[in-house]
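J.: Would you mind keeping the following structure in view while I ask a few things?
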Amino acid sequence: MSTDQNNQKTCSCGYAKDHAWVVPKPSYSFWGWILVGTGISHPPTEVRFECDRCGEVFERITDPVLLKSHSYK
């Protein structure tokens with residue numbers, strides 16, 4: 001993991017969270033998966049940002065306030 005000139009975390013390829021190769025991967029609790037699976041929006045317990053090119057997870061979000069922005073609406 002490195003940091004570019006904008007103080008954004010990047011993977012070893014140099015990609016930041018907003019790059020097309022970087023995918024947010026949410027994790028849900030058991031009941032969260034049940035709700036999301038039935039079409040009900042629910043915030044994840046964690047979001048990992050992973051580069052699909054190199055496979056590196058270079059940032060994790062666990063703050064409940066930020067996680068709400070990653071709910072499916």
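Please note that chains go A, B, ... in the order of the structure tokens, that every chain numbers its residues from 1, and that ligands are numbered from 1 in the order shown.
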As a PyMOL selection string, which residues of chain A does DSSP assign to alpha helix (DSSP H)?

T.: chain A and resi 30-37+64-68

J.: With N, CA and C atoms kept, could you save the residues just selected as a PDB file, in the first residue's frame?

T.:
```
ATOM      1  N   PHE A  30     -24.926 -11.990   9.383  1.00  0.00           N
ATOM      2  CA  PHE A  30     -25.867 -13.014   8.903  1.00  0.00           C
ATOM      3  C   PHE A  30     -27.211 -12.381   8.559  1.00  0.00           C
ATOM      4  N   TRP A  31     -27.762 -11.601   9.492  1.00  0.00           N
ATOM      5  CA  TRP A  31     -29.065 -10.966   9.258  1.00  0.00           C
ATOM      6  C   TRP A  31     -28.968  -9.889   8.177  1.00  0.00           C
ATOM      7  N   GLY A  32     -27.834  -9.250   8.063  1.00  0.00           N
ATOM      8  CA  GLY A  32     -27.635  -8.291   6.986  1.00  0.00           C
ATOM      9  C   GLY A  32     -27.735  -8.958   5.626  1.00  0.00           C
ATOM     10  N   TRP A  33     -27.124 -10.149   5.477  1.00  0.00           N
ATOM     11  CA  TRP A  33     -27.221 -10.891   4.213  1.00  0.00           C
ATOM     12  C   TRP A  33     -28.661 -11.288   3.926  1.00  0.00           C
ATOM     13  N   ILE A  34     -29.394 -11.667   4.980  1.00  0.00           N
ATOM     14  CA  ILE A  34     -30.813 -12.025   4.797  1.00  0.00           C
ATOM     15  C   ILE A  34     -31.588 -10.818   4.254  1.00  0.00           C
ATOM     16  N   LEU A  35     -31.382  -9.663   4.879  1.00  0.00           N
ATOM     17  CA  LEU A  35     -32.098  -8.459   4.446  1.00  0.00           C
ATOM     18  C   LEU A  35     -31.723  -8.048   3.029  1.00  0.00           C
ATOM     19  N   VAL A  36     -30.422  -7.997   2.740  1.00  0.00           N
ATOM     20  CA  VAL A  36     -29.972  -7.607   1.394  1.00  0.00           C
ATOM     21  C   VAL A  36     -30.442  -8.621   0.363  1.00  0.00           C
ATOM     22  N   GLY A  37     -30.429  -9.893   0.733  1.00  0.00           N
ATOM     23  CA  GLY A  37     -30.885 -10.940  -0.182  1.00  0.00           C
ATOM     24  C   GLY A  37     -32.355 -10.852  -0.531  1.00  0.00           C
ATOM     25  N   PRO A  64     -19.414   3.258  11.311  1.00  0.00           N
ATOM     26  CA  PRO A  64     -20.840   3.119  10.991  1.00  0.00           C
ATOM     27  C   PRO A  64     -21.415   4.273  10.169  1.00  0.00           C
ATOM     28  N   VAL A  65     -20.943   5.476  10.377  1.00  0.00           N
ATOM     29  CA  VAL A  65     -21.448   6.621   9.618  1.00  0.00           C
ATOM     30  C   VAL A  65     -21.058   6.495   8.144  1.00  0.00           C
ATOM     31  N   LEU A  66     -19.820   6.117   7.872  1.00  0.00           N
ATOM     32  CA  LEU A  66     -19.375   5.950   6.485  1.00  0.00           C
ATOM     33  C   LEU A  66     -20.008   4.722   5.829  1.00  0.00           C
ATOM     34  N   LEU A  67     -20.258   3.682   6.622  1.00  0.00           N
ATOM     35  CA  LEU A  67     -20.849   2.464   6.071  1.00  0.00           C
ATOM     36  C   LEU A  67     -22.259   2.700   5.527  1.00  0.00           C
ATOM     37  N   LYS A  68     -22.982   3.633   6.134  1.00  0.00           N
ATOM     38  CA  LYS A  68     -24.341   3.926   5.647  1.00  0.00           C
ATOM     39  C   LYS A  68     -24.324   4.444   4.214  1.00  0.00           C
TER      40      LYS A  68
END
```

J.: Taking 3 positions as the minimum chain separation for residues in the same chain, which residues sit within 10 Å of stretch 17-20 of chain A when counting only C-alpha atoms? Answer as a PDB file with N, CA and C atoms, in the first residue's frame.

T.:
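selection_2.pdb, written as the output of this step:
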```
ATOM      1  N   GLN A   8      -4.380   9.996  -0.924  1.00  0.00           N
ATOM      2  CA  GLN A   8      -5.290   8.868  -1.007  1.00  0.00           C
ATOM      3  C   GLN A   8      -4.481   7.588  -0.926  1.00  0.00           C
ATOM      4  N   LYS A   9      -5.030   6.600  -0.237  1.00  0.00           N
ATOM      5  CA  LYS A   9      -4.364   5.306  -0.208  1.00  0.00           C
ATOM      6  C   LYS A   9      -4.506   4.663  -1.577  1.00  0.00           C
ATOM      7  N   THR A  10      -3.458   3.968  -1.992  1.00  0.00           N
ATOM      8  CA  THR A  10      -3.472   3.289  -3.288  1.00  0.00           C
ATOM      9  C   THR A  10      -2.932   1.880  -3.126  1.00  0.00           C
ATOM     10  N   CYS A  11      -3.254   1.024  -4.080  1.00  0.00           N
ATOM     11  CA  CYS A  11      -2.706  -0.330  -4.093  1.00  0.00           C
ATOM     12  C   CYS A  11      -1.291  -0.281  -4.673  1.00  0.00           C
ATOM     13  N   GLY A  14      -0.882   1.403  -7.909  1.00  0.00           N
ATOM     14  CA  GLY A  14      -1.004   2.852  -7.926  1.00  0.00           C
ATOM     15  C   GLY A  14      -2.433   3.352  -8.086  1.00  0.00           C
ATOM     16  N   VAL A  23     -12.519  -2.237  -6.547  1.00  0.00           N
ATOM     17  CA  VAL A  23     -13.901  -2.617  -6.289  1.00  0.00           C
ATOM     18  C   VAL A  23     -14.168  -2.607  -4.784  1.00  0.00           C
ATOM     19  N   PRO A  24     -15.254  -1.919  -4.343  1.00  0.00           N
ATOM     20  CA  PRO A  24     -15.625  -2.005  -2.939  1.00  0.00           C
ATOM     21  C   PRO A  24     -16.301  -3.355  -2.680  1.00  0.00           C
ATOM     22  N   PHE A  49     -11.703  -2.183   0.106  1.00  0.00           N
ATOM     23  CA  PHE A  49     -11.419  -1.723  -1.249  1.00  0.00           C
ATOM     24  C   PHE A  49     -10.281  -2.567  -1.778  1.00  0.00           C
ATOM     25  N   GLU A  50     -10.572  -3.352  -2.815  1.00  0.00           N
ATOM     26  CA  GLU A  50      -9.627  -4.321  -3.355  1.00  0.00           C
ATOM     27  C   GLU A  50      -9.382  -4.055  -4.829  1.00  0.00           C
ATOM     28  N   CYS A  51      -8.114  -4.097  -5.218  1.00  0.00           N
ATOM     29  CA  CYS A  51      -7.745  -3.948  -6.621  1.00  0.00           C
ATOM     30  C   CYS A  51      -7.965  -5.284  -7.322  1.00  0.00           C
ATOM     31  N   ASP A  52      -8.760  -5.289  -8.379  1.00  0.00           N
ATOM     32  CA  ASP A  52      -8.999  -6.519  -9.133  1.00  0.00           C
ATOM     33  C   ASP A  52      -7.791  -6.928  -9.963  1.00  0.00           C
ATOM     34  N   PHE A  58      -6.390  -2.464   0.138  1.00  0.00           N
ATOM     35  CA  PHE A  58      -5.557  -1.382   0.633  1.00  0.00           C
ATOM     36  C   PHE A  58      -6.293  -0.389   1.522  1.00  0.00           C
ATOM     37  N   GLU A  59      -7.594  -0.582   1.690  1.00  0.00           N
ATOM     38  CA  GLU A  59      -8.331   0.276   2.624  1.00  0.00           C
ATOM     39  C   GLU A  59      -9.563  -0.469   3.117  1.00  0.00           C
TER      40      GLU A  59
END
```

J.: Taking only C-alpha atoms into account, which of A:Ser12, A:Thr38, A:Ser27, A:Asn7 comes nearest A:Thr62?

T.: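 Result for the nearest residue to A:Thr62: A:Ser27.
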
J.: Interatomic distance between atom CA of A:Pro43 and atom CA of A:Tyr28?

T.: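 Separation between atom CA of A:Pro43 and atom CA of A:Tyr28: 7.7 Å.
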
J.: Atom CA of A:His42 to atom CA of A:Ser29: how many Å, to one decimal?

T.: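 Between these atoms lies a distance of 9.9 Å.
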
J.: Taking the backbone alone, and naming residues the way the document does, which bits of chain A are strand (DSSP E or B) by DSSP, as a PyMOL selection string?

T.: chain A and resi 2-3+9-10+22-27+46-51+57-61

J.: Next, dump the selected residues to file, keeping only C-alpha atoms, as a compact mmCIF listing (two decimals), in the first residue's frame.

T.:
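Generated output (out_35.txt):
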```
# COMPACT_ATOMS: atom_id res chain seq x y z
CA SER A 2 1.20 3.47 -0.81
CA THR A 3 -0.09 7.01 -0.73
CA LYS A 9 -4.36 5.31 -0.21
CA THR A 10 -3.47 3.29 -3.29
CA VAL A 22 -10.74 -0.98 -7.57
CA VAL A 23 -13.90 -2.62 -6.29
CA PRO A 24 -15.63 -2.01 -2.94
CA LYS A 25 -16.37 -5.38 -1.35
CA PRO A 26 -18.93 -5.20 1.47
CA SER A 27 -19.23 -7.69 4.32
CA GLU A 46 -17.19 -3.54 6.72
CA VAL A 47 -16.21 -2.40 3.22
CA ARG A 48 -12.86 -3.48 1.78
CA PHE A 49 -11.42 -1.72 -1.25
CA GLU A 50 -9.63 -4.32 -3.35
CA CYS A 51 -7.75 -3.95 -6.62
CA VAL A 57 -6.92 -4.83 -0.15
CA PHE A 58 -5.56 -1.38 0.63
CA GLU A 59 -8.33 0.28 2.62
CA ARG A 60 -11.07 -0.85 5.00
CA ILE A 61 -14.03 1.11 6.28
```
